[in-house]
Structures are given as structure tokens and as C-alpha cells.
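Student: Next comes the structure file target32.txt, holding compact mmCIF, C-alpha atoms and all ligand atoms.
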# COMPACT_ATOMS: atom_id res chain seq x y z
CA MET A 1 0.64 -165.00 163.44
CA ALA A 2 0.30 -161.18 163.29
CA LYS A 3 1.20 -159.65 159.91
CA PRO A 4 4.30 -157.39 159.94
CA ASP A 5 3.29 -153.75 160.19
CA PRO A 6 4.47 -152.03 156.96
CA ALA A 7 4.49 -148.67 158.78
CA ALA A 8 6.98 -149.92 161.39
CA ASN A 9 10.56 -148.66 161.38
CA TRP A 10 9.77 -145.53 159.39
CA PRO A 11 9.75 -142.02 160.88
CA GLU A 12 6.34 -140.81 162.02
CA HIS A 13 6.53 -138.26 159.24
CA ILE A 14 9.06 -137.15 156.63
CA LEU A 15 8.94 -133.58 155.40
CA PHE A 16 10.93 -132.83 152.27
CA ILE A 17 11.98 -129.23 151.78
CA GLY A 18 12.83 -129.43 148.09
CA CYS A 19 12.41 -132.67 146.19
CA GLY A 20 14.19 -132.59 142.83
CA ASN A 21 16.53 -135.15 141.28
CA MET A 22 18.37 -136.29 144.37
CA ALA A 23 15.79 -136.07 147.15
CA GLY A 24 13.21 -137.40 144.67
CA ALA A 25 15.37 -140.48 144.01
CA MET A 26 15.64 -141.11 147.77
CA LEU A 27 11.90 -140.67 148.26
CA LEU A 28 10.96 -142.99 145.39
CA ARG A 29 13.26 -145.69 146.76
CA TRP A 30 11.77 -145.34 150.25
CA LEU A 31 8.27 -145.60 148.81
CA ASP A 32 9.32 -148.75 146.91
CA GLU A 33 10.65 -150.07 150.22
CA GLY A 34 7.29 -149.60 151.95
CA LEU A 35 7.34 -146.08 153.38
CA PRO A 36 3.64 -145.24 153.73
CA SER A 37 3.02 -142.33 151.34
CA GLU A 38 0.63 -140.66 153.82
CA ARG A 39 3.64 -140.09 156.08
CA VAL A 40 5.31 -137.87 153.50
CA THR A 41 4.90 -134.17 152.79
CA VAL A 42 6.89 -132.37 150.11
CA ILE A 43 7.40 -128.62 149.91
CA ARG A 44 8.54 -127.40 146.50
CA PRO A 45 7.84 -124.07 144.79
CA SER A 46 6.50 -125.72 141.62
CA GLY A 47 3.96 -127.75 143.62
CA LYS A 48 4.58 -130.60 141.13
CA ALA A 49 3.22 -134.01 142.21
CA VAL A 50 5.85 -136.52 143.34
CA ALA A 51 4.07 -139.84 143.81
CA PRO A 52 0.52 -141.03 144.54
CA GLY A 53 -0.54 -140.34 148.13
CA VAL A 54 2.28 -137.88 148.88
CA THR A 55 1.07 -134.44 149.99
CA VAL A 56 2.75 -131.60 148.08
CA GLY A 57 2.69 -127.94 149.10
CA THR A 58 4.41 -124.85 147.77
CA SER A 59 5.37 -123.39 151.16
CA LEU A 60 5.58 -124.43 154.79
CA GLU A 61 2.87 -122.69 156.81
CA ASN A 62 2.60 -124.54 160.14
CA PRO A 63 5.02 -125.61 162.87
CA VAL A 64 6.56 -129.00 162.14
CA ALA A 65 5.31 -131.73 164.51
CA PRO A 66 7.86 -133.35 166.85
CA GLY A 67 8.89 -136.78 165.55
CA THR A 68 9.17 -135.46 161.99
CA LEU A 69 12.31 -136.05 159.97
CA VAL A 70 12.95 -132.96 157.85
CA LEU A 71 14.99 -133.64 154.73
CA LEU A 72 16.66 -130.56 153.24
CA GLY A 73 16.78 -131.23 149.48
CA PHE A 74 17.10 -127.78 147.87
CA LYS A 75 20.28 -126.25 146.41
CA PRO A 76 23.02 -125.24 148.87
CA GLN A 77 23.01 -121.60 147.73
CA GLN A 78 19.33 -121.33 148.78
CA LEU A 79 20.07 -122.15 152.42
CA GLY A 80 19.93 -118.59 153.75
CA LEU A 81 16.68 -117.73 152.01
CA VAL A 82 14.89 -120.99 152.79
CA ALA A 83 16.04 -121.12 156.43
CA GLN A 84 14.77 -117.58 157.00
CA ASP A 85 11.24 -118.82 156.19
CA ILE A 86 11.19 -122.29 157.69
CA ALA A 87 13.64 -122.35 160.62
CA PRO A 88 11.15 -120.69 163.01
CA LEU A 89 8.73 -123.56 162.26
CA ILE A 90 11.21 -126.32 163.07
CA GLY A 91 11.71 -126.99 166.77
CA GLU A 92 12.94 -129.66 169.17
CA GLY A 93 11.88 -133.24 168.58
CA THR A 94 12.57 -133.02 164.86
CA THR A 95 15.59 -134.50 163.08
CA LEU A 96 17.18 -132.60 160.22
CA LEU A 97 18.77 -134.64 157.44
CA SER A 98 20.62 -132.36 155.03
CA ILE A 99 21.83 -133.45 151.59
CA LEU A 100 23.13 -129.95 150.78
CA ALA A 101 26.57 -130.46 149.23
CA GLY A 102 29.35 -128.50 150.90
CA VAL A 103 27.26 -127.17 153.79
CA PRO A 104 28.88 -128.14 157.10
CA LEU A 105 27.01 -129.11 160.25
CA ALA A 106 27.99 -125.90 162.03
CA ARG A 107 26.37 -123.79 159.30
CA LEU A 108 23.23 -125.91 159.39
CA ARG A 109 23.02 -125.45 163.16
CA THR A 110 23.33 -121.67 162.77
CA ALA A 111 20.57 -121.71 160.15
CA PHE A 112 18.29 -124.00 162.21
CA PRO A 113 19.07 -123.07 165.83
CA ARG A 114 15.95 -124.66 167.35
CA SER A 115 15.82 -127.95 165.46
CA GLY A 116 16.62 -131.32 167.00
CA SER A 117 19.65 -133.36 165.92
CA ILE A 118 21.21 -132.46 162.58
CA ILE A 119 22.68 -135.14 160.35
CA ARG A 120 24.58 -134.39 157.18
CA CYS A 121 24.19 -136.84 154.30
CA MET A 122 25.80 -137.17 150.89
CA PRO A 123 23.90 -139.70 148.81
CA ASN A 124 24.58 -140.62 145.19
CA LEU A 125 22.09 -141.24 142.40
CA PRO A 126 22.12 -145.10 142.46
CA VAL A 127 20.11 -144.77 145.70
CA ARG A 128 17.09 -144.95 143.38
CA ILE A 129 17.74 -148.67 142.86
CA GLY A 130 18.98 -149.35 146.38
CA LYS A 131 22.60 -149.49 145.18
CA GLY A 132 23.67 -146.06 146.34
CA VAL A 133 26.22 -144.88 148.86
CA SER A 134 25.21 -142.47 151.64
CA ILE A 135 27.94 -140.76 153.62
CA LEU A 136 26.69 -139.56 157.00
CA ALA A 137 28.08 -137.29 159.70
CA ALA A 138 26.39 -136.01 162.84
CA GLY A 139 27.18 -133.09 165.07
CA PRO A 140 28.24 -133.55 168.69
CA ASP A 141 24.72 -132.59 169.80
CA ALA A 142 23.09 -135.40 167.79
CA THR A 143 21.59 -138.06 170.02
CA ASP A 144 21.47 -141.82 169.41
CA ASP A 145 17.88 -142.12 168.16
CA PRO A 146 18.19 -139.63 165.29
CA ARG A 147 21.52 -141.17 164.32
CA GLY A 148 19.90 -144.61 164.28
CA LEU A 149 16.92 -143.30 162.33
CA ALA A 150 19.08 -141.63 159.66
CA GLY A 151 21.32 -144.69 159.40
CA ALA A 152 18.35 -147.05 159.03
CA LEU A 153 16.68 -144.83 156.41
CA CYS A 154 19.86 -144.56 154.37
CA ALA A 155 20.49 -148.30 154.67
CA ARG A 156 17.34 -148.70 152.53
CA LEU A 157 19.22 -146.84 149.79
CA GLY A 158 22.39 -148.95 149.75
CA LEU A 159 25.69 -148.69 151.60
CA VAL A 160 25.97 -146.33 154.59
CA GLU A 161 29.32 -144.96 155.74
CA TRP A 162 29.52 -142.74 158.83
CA LEU A 163 32.38 -140.23 158.97
CA ALA A 164 33.74 -139.51 162.42
CA ASP A 165 35.61 -136.50 161.04
CA GLU A 166 33.37 -134.16 159.06
CA ARG A 167 36.43 -132.58 157.44
CA LEU A 168 36.64 -135.70 155.25
CA PHE A 169 33.23 -135.00 153.73
CA ASP A 170 34.63 -133.46 150.54
CA ALA A 171 37.02 -136.39 150.07
CA ALA A 172 34.20 -138.89 150.55
CA THR A 173 31.97 -136.88 148.19
CA ALA A 174 34.70 -136.95 145.53
CA LEU A 175 34.75 -140.75 145.80
CA SER A 176 31.13 -141.83 146.06
CA GLY A 177 29.22 -138.65 145.15
CA CYS A 178 31.20 -137.96 141.97
CA GLY A 179 32.24 -141.61 141.56
CA PRO A 180 29.32 -142.70 139.36
CA ALA A 181 30.28 -140.06 136.76
CA PHE A 182 33.90 -141.25 136.81
CA VAL A 183 32.76 -144.84 136.30
CA TYR A 184 30.48 -143.75 133.41
CA ARG A 185 33.56 -142.22 131.78
CA PHE A 186 35.44 -145.52 132.25
CA ILE A 187 32.58 -147.44 130.63
CA ASP A 188 32.60 -144.99 127.74
CA ALA A 189 36.38 -145.28 127.33
CA LEU A 190 36.17 -149.10 127.37
CA ALA A 191 33.49 -148.98 124.66
CA ALA A 192 35.39 -146.43 122.55
CA ALA A 193 38.58 -148.50 122.79
CA GLY A 194 36.66 -151.59 121.65
CA ALA A 195 35.18 -149.69 118.71
CA ASP A 196 38.68 -148.45 117.88
CA LEU A 197 39.76 -152.08 117.55
CA GLY A 198 37.05 -152.63 114.93
CA LEU A 199 34.02 -153.70 117.00
CA ASP A 200 30.62 -152.33 116.11
CA SER A 201 30.28 -149.26 118.35
CA ALA A 202 26.76 -150.07 119.64
CA ALA A 203 27.82 -153.63 120.46
CA ALA A 204 30.99 -152.33 122.16
CA ALA A 205 28.86 -149.95 124.27
CA ARG A 206 26.58 -152.81 125.36
CA MET A 207 29.56 -155.05 126.13
CA ALA A 208 31.37 -152.35 128.13
CA LEU A 209 28.30 -151.58 130.25
CA ALA A 210 27.52 -155.25 130.94
CA THR A 211 31.18 -155.95 131.71
CA VAL A 212 31.38 -153.19 134.33
CA GLU A 213 28.03 -154.21 135.82
CA GLY A 214 29.07 -157.88 136.01
CA ALA A 215 32.54 -157.08 137.35
CA GLY A 216 31.10 -154.82 140.07
CA LEU A 217 28.46 -157.35 141.10
CA SER A 218 30.90 -160.26 141.18
CA ALA A 219 33.46 -158.22 143.14
CA SER A 220 30.86 -157.33 145.75
CA ALA A 221 29.52 -160.91 145.89
CA SER A 222 32.99 -162.44 146.30
CA GLY A 223 34.14 -160.22 149.14
CA ILE A 224 37.68 -160.53 147.71
CA ASP A 225 39.89 -157.44 147.37
CA PRO A 226 39.45 -156.21 143.75
CA ARG A 227 43.23 -155.92 143.32
CA ALA A 228 43.61 -159.62 144.16
CA MET A 229 40.66 -160.47 141.90
CA ALA A 230 42.35 -158.74 138.96
CA ASP A 231 45.60 -160.61 139.60
CA ALA A 232 43.75 -163.91 139.99
CA VAL A 233 42.38 -163.68 136.44
CA ALA A 234 45.66 -162.50 134.89
CA SER A 235 48.00 -165.37 134.13
CA LYS A 236 51.62 -164.58 133.38
CA GLY A 237 52.16 -163.68 129.73
CA GLY A 238 48.42 -163.73 128.97
CA MET A 239 46.21 -161.04 127.45
CA THR A 240 44.79 -159.72 130.75
CA ARG A 241 48.24 -159.43 132.35
CA GLN A 242 49.63 -157.53 129.37
CA GLY A 243 46.68 -155.14 129.54
CA LEU A 244 47.00 -154.72 133.32
CA ASP A 245 50.68 -153.92 132.87
CA VAL A 246 49.62 -150.86 130.86
CA LEU A 247 47.10 -149.75 133.51
CA ASP A 248 49.65 -150.37 136.28
CA GLN A 249 52.41 -148.22 134.79
CA PRO A 250 53.65 -145.39 137.04
CA ASP A 251 51.68 -142.89 134.94
CA GLY A 252 48.75 -145.30 134.46
CA LEU A 253 45.31 -145.57 136.06
CA ALA A 254 46.14 -145.16 139.79
CA PRO A 255 47.78 -141.70 139.55
CA LEU A 256 45.10 -140.58 137.08
CA ILE A 257 42.30 -141.52 139.50
CA ALA A 258 44.21 -140.04 142.43
CA ARG A 259 44.48 -136.74 140.53
CA THR A 260 40.81 -136.92 139.54
CA LEU A 261 39.64 -137.39 143.13
CA ARG A 262 42.00 -134.76 144.53
CA THR A 263 40.82 -132.22 141.95
CA ALA A 264 37.15 -132.98 142.70
CA ARG A 265 37.79 -132.81 146.46
CA ASP A 266 39.58 -129.46 146.14
CA ARG A 267 36.70 -128.07 144.07
CA GLY A 268 34.31 -129.15 146.83
CA VAL A 269 36.35 -127.17 149.33
CA GLU A 270 36.34 -124.10 147.02
CA LEU A 271 32.59 -124.31 146.37
CA ALA A 272 31.84 -124.58 150.09
CA ALA A 273 33.91 -121.44 150.73
CA LEU A 274 32.12 -119.59 147.90
CA SER A 275 28.65 -120.61 149.10
CA GLU A 276 29.53 -119.53 152.66
CA LYS A 277 30.51 -116.09 151.37
CA SER A 278 27.34 -115.72 149.29
CA SER A 279 24.87 -116.75 152.02
N1 LIG A 301 22.13 -134.42 142.05
C1 LIG A 301 23.02 -135.12 142.74
O1 LIG A 301 23.64 -136.06 142.25
C2 LIG A 301 23.25 -134.80 144.20
C3 LIG A 301 24.02 -135.68 144.96
C4 LIG A 301 24.17 -135.41 146.34
C5 LIG A 301 23.61 -134.28 146.90
N2 LIG A 301 22.91 -133.44 146.11
C6 LIG A 301 22.32 -132.26 146.75
O2 LIG A 301 20.93 -132.35 146.58
C7 LIG A 301 20.38 -131.05 146.58
C8 LIG A 301 19.43 -130.92 145.43
O3 LIG A 301 20.10 -131.16 144.21
P1 LIG A 301 19.32 -131.68 142.94
O4 LIG A 301 20.34 -132.08 141.95
O5 LIG A 301 18.29 -132.68 143.36
O6 LIG A 301 18.62 -130.32 142.48
P2 LIG A 301 17.21 -130.08 141.81
O7 LIG A 301 16.79 -131.27 141.01
O8 LIG A 301 17.29 -128.77 141.12
O9 LIG A 301 16.21 -129.94 143.05
C9 LIG A 301 16.12 -128.79 143.83
C10 LIG A 301 14.82 -128.83 144.59
O10 LIG A 301 14.75 -127.67 145.42
C11 LIG A 301 13.45 -127.12 145.28
N3 LIG A 301 13.45 -125.72 145.65
C12 LIG A 301 13.85 -124.64 144.94
N4 LIG A 301 13.64 -123.50 145.67
C13 LIG A 301 13.10 -123.89 146.86
C14 LIG A 301 12.64 -123.20 148.00
N5 LIG A 301 12.71 -121.88 148.08
N6 LIG A 301 12.12 -123.93 149.02
C15 LIG A 301 12.05 -125.27 148.95
N7 LIG A 301 12.46 -125.98 147.88
C16 LIG A 301 12.99 -125.29 146.85
C17 LIG A 301 13.08 -127.37 143.84
O11 LIG A 301 11.68 -127.24 143.71
P3 LIG A 301 10.89 -127.58 142.33
O12 LIG A 301 10.97 -129.05 142.23
O13 LIG A 301 9.55 -127.07 142.59
O14 LIG A 301 11.63 -126.85 141.25
C18 LIG A 301 13.59 -128.79 143.68
O15 LIG A 301 12.63 -129.71 144.15
C19 LIG A 301 21.53 -130.06 146.51
O16 LIG A 301 21.73 -129.46 147.76
C20 LIG A 301 22.72 -130.93 146.13
O17 LIG A 301 23.90 -130.43 146.71
C21 LIG A 301 22.69 -133.67 144.79
Starting from the file, lay out its structure as C-alpha cells.
Ligand SMILES: NC(=O)c1ccc[n+]([C@@H]2O[C@H](COP(=O)([O-])OP(=O)(O)OC[C@H]3O[C@@H](n4cnc5c(N)ncnc54)[C@H](OP(=O)(O)O)[C@@H]3O)[C@@H](O)[C@H]2O)c1

Tutor:
Amino acid sequence: MAKPDPAANWPEHILFIGCGNMAGAMLLRWLDEGLPSERVTVIRPSGKAVAPGVTVGTSLENPVAPGTLVLLGFKPQQLGLVAQDIAPLIGEGTTLLSILAGVPLARLRTAFPRSGSIIRCMPNLPVRIGKGVSILAAGPDATDDPRGLAGALCARLGLVEWLADERLFDAATALSGCGPAFVYRFIDALAAAGADLGLDSAAAARMALATVEGAGLSASASGIDPRAMADAVASKGGMTRQGLDVLDQPDGLAPLIARTLRTARDRGVELAALSEKSS
């Protein structure tokens, strides 16, 4: 029987324009998943190596070959400057995958008028271990193949959610883009509350982290609605129920998280408006 081809199902080439924390996490995961390193080129001003076998350059000099997926991984405020240099080198037959927070598809199309389909992506940092969330949206001019390619690539990083309405991008970013930080705060609060009750603080920190990890994994393995799972383990008059009653108060956890997400979403809208003005 023929051996599976490890190079199958990957783009012919992936060109990273900028490869710092976020794009670097995506790239390292793809390499772990079998992306052949010789198919990857990274452009970054520092010229710093990324991974064995990956070509790194400090600037883009030649036209980008058709069939290349170009991942935009620099900071959103650099869009104008970077596009000025590289847009003339990116033509039809390429797919643009942008992880630039707050930069809408219409602005990307203006900056890269000749490129093939443009897909907007908001990943989060757990992509490095294949447990991330990638939100995707494509413009009306995006064709099926680039959509499929972007979806399949991001599926290697964890959950993929397509948004039919790009206007929800900031809301989705508040949930899954900012979400890991909110969960880290919850873990910290759980640990601090345990220490407050007299537990050793290092032990409380370990217990809080393992509890959140275990709860998340078992919730995703069970497929049961987390609300129902919480109720299932809370018998009337017991410890868990009494604790849940505090969280479930009208001014408890739900309105706090709702306010947190709304505030983050609104800041996303403000930042996008500011970056549009400055570019
Ligand atoms: N961090 C997150 O959690 C997160 C989540 C979702 C989306 N994003 C998005 O990801 C993008 C990058 O964020 P980050 O946190 O990864 O930032 P970062 O670590 O600072 O990375 C920025 C990258 O851009 C490169 N760069 C700077 N100037 C450039 C230029 N003129 N041409 C090409 N590349 C250039 C840098 O090169 P050097 O490496 O040489 O310095 C670096 O590789 C942003 O657009 C952000 O909105 C980030």
C-alpha cells in the first residue's frame, strides 16, 4: 500500500509577512502537524530564524507565485506601510489570510487590490497546542477553494467558526480572542479564594489550574450543555449548590461576564476606528 504523502493537503507554499507571537504559534503548530518546512517562507524585519528548514527573509523582493497562501501576521497599524511595499508583488492565484485584529475585509481589499481571495481570521494563542479557536470570515469575492483551504488549515489549530456577518467579528474576538485571558483571571480568582480559606497558595494555584483544565476537557468530551452539567453535580442543599447560588445571583457571574465581553467588544470597535484614521 502506498504511504500517505505528508505534503498532501497543505498549500503549495505559505508566505508569512510578519511572524511574531501569534503567527509564530500558528506556524509551529502547522509544522508539528506535518507542514513541510520547505513550503514556508517568513518575512520579518529582524530576520530571526523561526524553525529548522523555514526560509526567513527581511523583505519581499519577488512576485509571489500563484498557489501561495500569504498570511498577514504583522501589527494592524503597519498595514498601510507594509501593503505599499508588498501589494504590487501579490497577484491573482494567491490567497490572503489576515490575522490583523480590527482590520475589515474591505480595507484589506483596498490595500491588496490584485490579490486572490481574502479571508479574515482571528485565532487565539491555544492554537499552539491545537486547542485554539479560529474565527473566519470571507469577502463576497472569495471562491470555494481558498475558503476550503483556510478552513482546513485552521482546523489543524483547533475549532473553526465561520462568521456569515463580518460585523460580528469584534463580538467573536471578545469571546474567543480575549477569552483565554478572562479564563486565566478566573483560575487566579479560584486559587486566591482557596488560599483565602487557608490552603497553601501554591497548592491552591495548582488545584485551580487542574480543576479548570479537567472541567473544560470533561465538558467538551461529554457534549452536554455546561449549564446542565453544573446542575447535575449540584444536589439540593449541598456545597456545590450553595456556591452556585452565589454565582447565579442577579449581580453574579453572568452579568459580570456580559459586561466584560461588551466592554472588550466596544474597545475592538474603537480601536478599529482609530487604526482606520491613522492608516
Ligand atoms: N497576540 C495575540 O494573541 C493575537 C491574537 C489574534 C490576532 N493577533 C494579531 O496578530 C498580529 C501580530 O500580533 P503579535 O502579537 O503576534 O505581534 P508580534 O509578536 O509583535 O509580531 C509582529 C510581527 O510583525 C513583524 N513585522 C514588524 N514590522 C514588519 C514589516 N514592516 N513587515 C513585515 N513584518 C513586520 C515582526 O517582525 P520581527 O519578528 O522581525 O520583529 C513580528 O514578526 C496582529 O495583527 C494582531 O492583531 C494577535

Student: Name each residue within 9 Å of ligand LIG 301 (chain A), counting only C-alpha atoms and all ligand atoms, as a PDB file with C-alpha atoms, in the coordinates of the input.

Tutor:
ATOM      1  CA  PHE A  16      10.930-132.830 152.270  1.00  0.00           C
ATOM      2  CA  ILE A  17      11.980-129.230 151.780  1.00  0.00           C
ATOM      3  CA  GLY A  18      12.830-129.430 148.090  1.00  0.00           C
ATOM      4  CA  CYS A  19      12.410-132.670 146.190  1.00  0.00           C
ATOM      5  CA  GLY A  20      14.190-132.590 142.830  1.00  0.00           C
ATOM      6  CA  ASN A  21      16.530-135.150 141.280  1.00  0.00           C
ATOM      7  CA  MET A  22      18.370-136.290 144.370  1.00  0.00           C
ATOM      8  CA  ALA A  23      15.790-136.070 147.150  1.00  0.00           C
ATOM      9  CA  GLY A  24      13.210-137.400 144.670  1.00  0.00           C
ATOM     10  CA  ALA A  25      15.370-140.480 144.010  1.00  0.00           C
ATOM     11  CA  VAL A  42       6.890-132.370 150.110  1.00  0.00           C
ATOM     12  CA  ILE A  43       7.400-128.620 149.910  1.00  0.00           C
ATOM     13  CA  ARG A  44       8.540-127.400 146.500  1.00  0.00           C
ATOM     14  CA  PRO A  45       7.840-124.070 144.790  1.00  0.00           C
ATOM     15  CA  SER A  46       6.500-125.720 141.620  1.00  0.00           C
ATOM     16  CA  GLY A  47       3.960-127.750 143.620  1.00  0.00           C
ATOM     17  CA  LYS A  48       4.580-130.600 141.130  1.00  0.00           C
ATOM     18  CA  THR A  58       4.410-124.850 147.770  1.00  0.00           C
ATOM     19  CA  SER A  59       5.370-123.390 151.160  1.00  0.00           C
ATOM     20  CA  LEU A  60       5.580-124.430 154.790  1.00  0.00           C
ATOM     21  CA  LEU A  72      16.660-130.560 153.240  1.00  0.00           C
ATOM     22  CA  GLY A  73      16.780-131.230 149.480  1.00  0.00           C
ATOM     23  CA  PHE A  74      17.100-127.780 147.870  1.00  0.00           C
ATOM     24  CA  LYS A  75      20.280-126.250 146.410  1.00  0.00           C
ATOM     25  CA  PRO A  76      23.020-125.240 148.870  1.00  0.00           C
ATOM     26  CA  GLN A  77      23.010-121.600 147.730  1.00  0.00           C
ATOM     27  CA  GLN A  78      19.330-121.330 148.780  1.00  0.00           C
ATOM     28  CA  LEU A  79      20.070-122.150 152.420  1.00  0.00           C
ATOM     29  CA  LEU A  81      16.680-117.730 152.010  1.00  0.00           C
ATOM     30  CA  VAL A  82      14.890-120.990 152.790  1.00  0.00           C
ATOM     31  CA  ALA A  83      16.040-121.120 156.430  1.00  0.00           C
ATOM     32  CA  ASP A  85      11.240-118.820 156.190  1.00  0.00           C
ATOM     33  CA  ILE A  86      11.190-122.290 157.690  1.00  0.00           C
ATOM     34  CA  SER A  98      20.620-132.360 155.030  1.00  0.00           C
ATOM     35  CA  ILE A  99      21.830-133.450 151.590  1.00  0.00           C
ATOM     36  CA  LEU A 100      23.130-129.950 150.780  1.00  0.00           C
ATOM     37  CA  ALA A 101      26.570-130.460 149.230  1.00  0.00           C
ATOM     38  CA  GLY A 102      29.350-128.500 150.900  1.00  0.00           C
ATOM     39  CA  VAL A 103      27.260-127.170 153.790  1.00  0.00           C
ATOM     40  CA  CYS A 121      24.190-136.840 154.300  1.00  0.00           C
ATOM     41  CA  MET A 122      25.800-137.170 150.890  1.00  0.00           C
ATOM     42  CA  PRO A 123      23.900-139.700 148.810  1.00  0.00           C
ATOM     43  CA  ASN A 124      24.580-140.620 145.190  1.00  0.00           C
ATOM     44  CA  LEU A 125      22.090-141.240 142.400  1.00  0.00           C
ATOM     45  CA  SER A 134      25.210-142.470 151.640  1.00  0.00           C
ATOM     46  CA  THR A 173      31.970-136.880 148.190  1.00  0.00           C
ATOM     47  CA  GLY A 177      29.220-138.650 145.150  1.00  0.00           C
ATOM     48  CA  CYS A 178      31.200-137.960 141.970  1.00  0.00           C
TER      49      CYS A 178
END

Student: What is the atom CA of Gly238 of chain A-atom CA of Ala204 of chain A distance in Å, reported with one decimal?

Tutor: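 Between these atoms lies a distance of 21.9 Å.
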
Student: Interatomic distance between atom CA of Val54 of chain A and atom CA of Met26 of chain A?

Tutor: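 Between atom CA of Val54 of chain A and atom CA of Met26 of chain A the gap is 13.8 Å.
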
Student: One decimal, Å: what's the distance from atom CA of Ser37 of chain A over to atom CA of Gly93 of chain A, could you say?

Tutor: 21.4 Å

Student: Between A:Leu153, A:Ala234, A:Ala181, A:Ile187, which residue has the minimum interatomic distance to Gly130 of chain A, considering all atoms listed in the file?

Tutor: A:Leu153
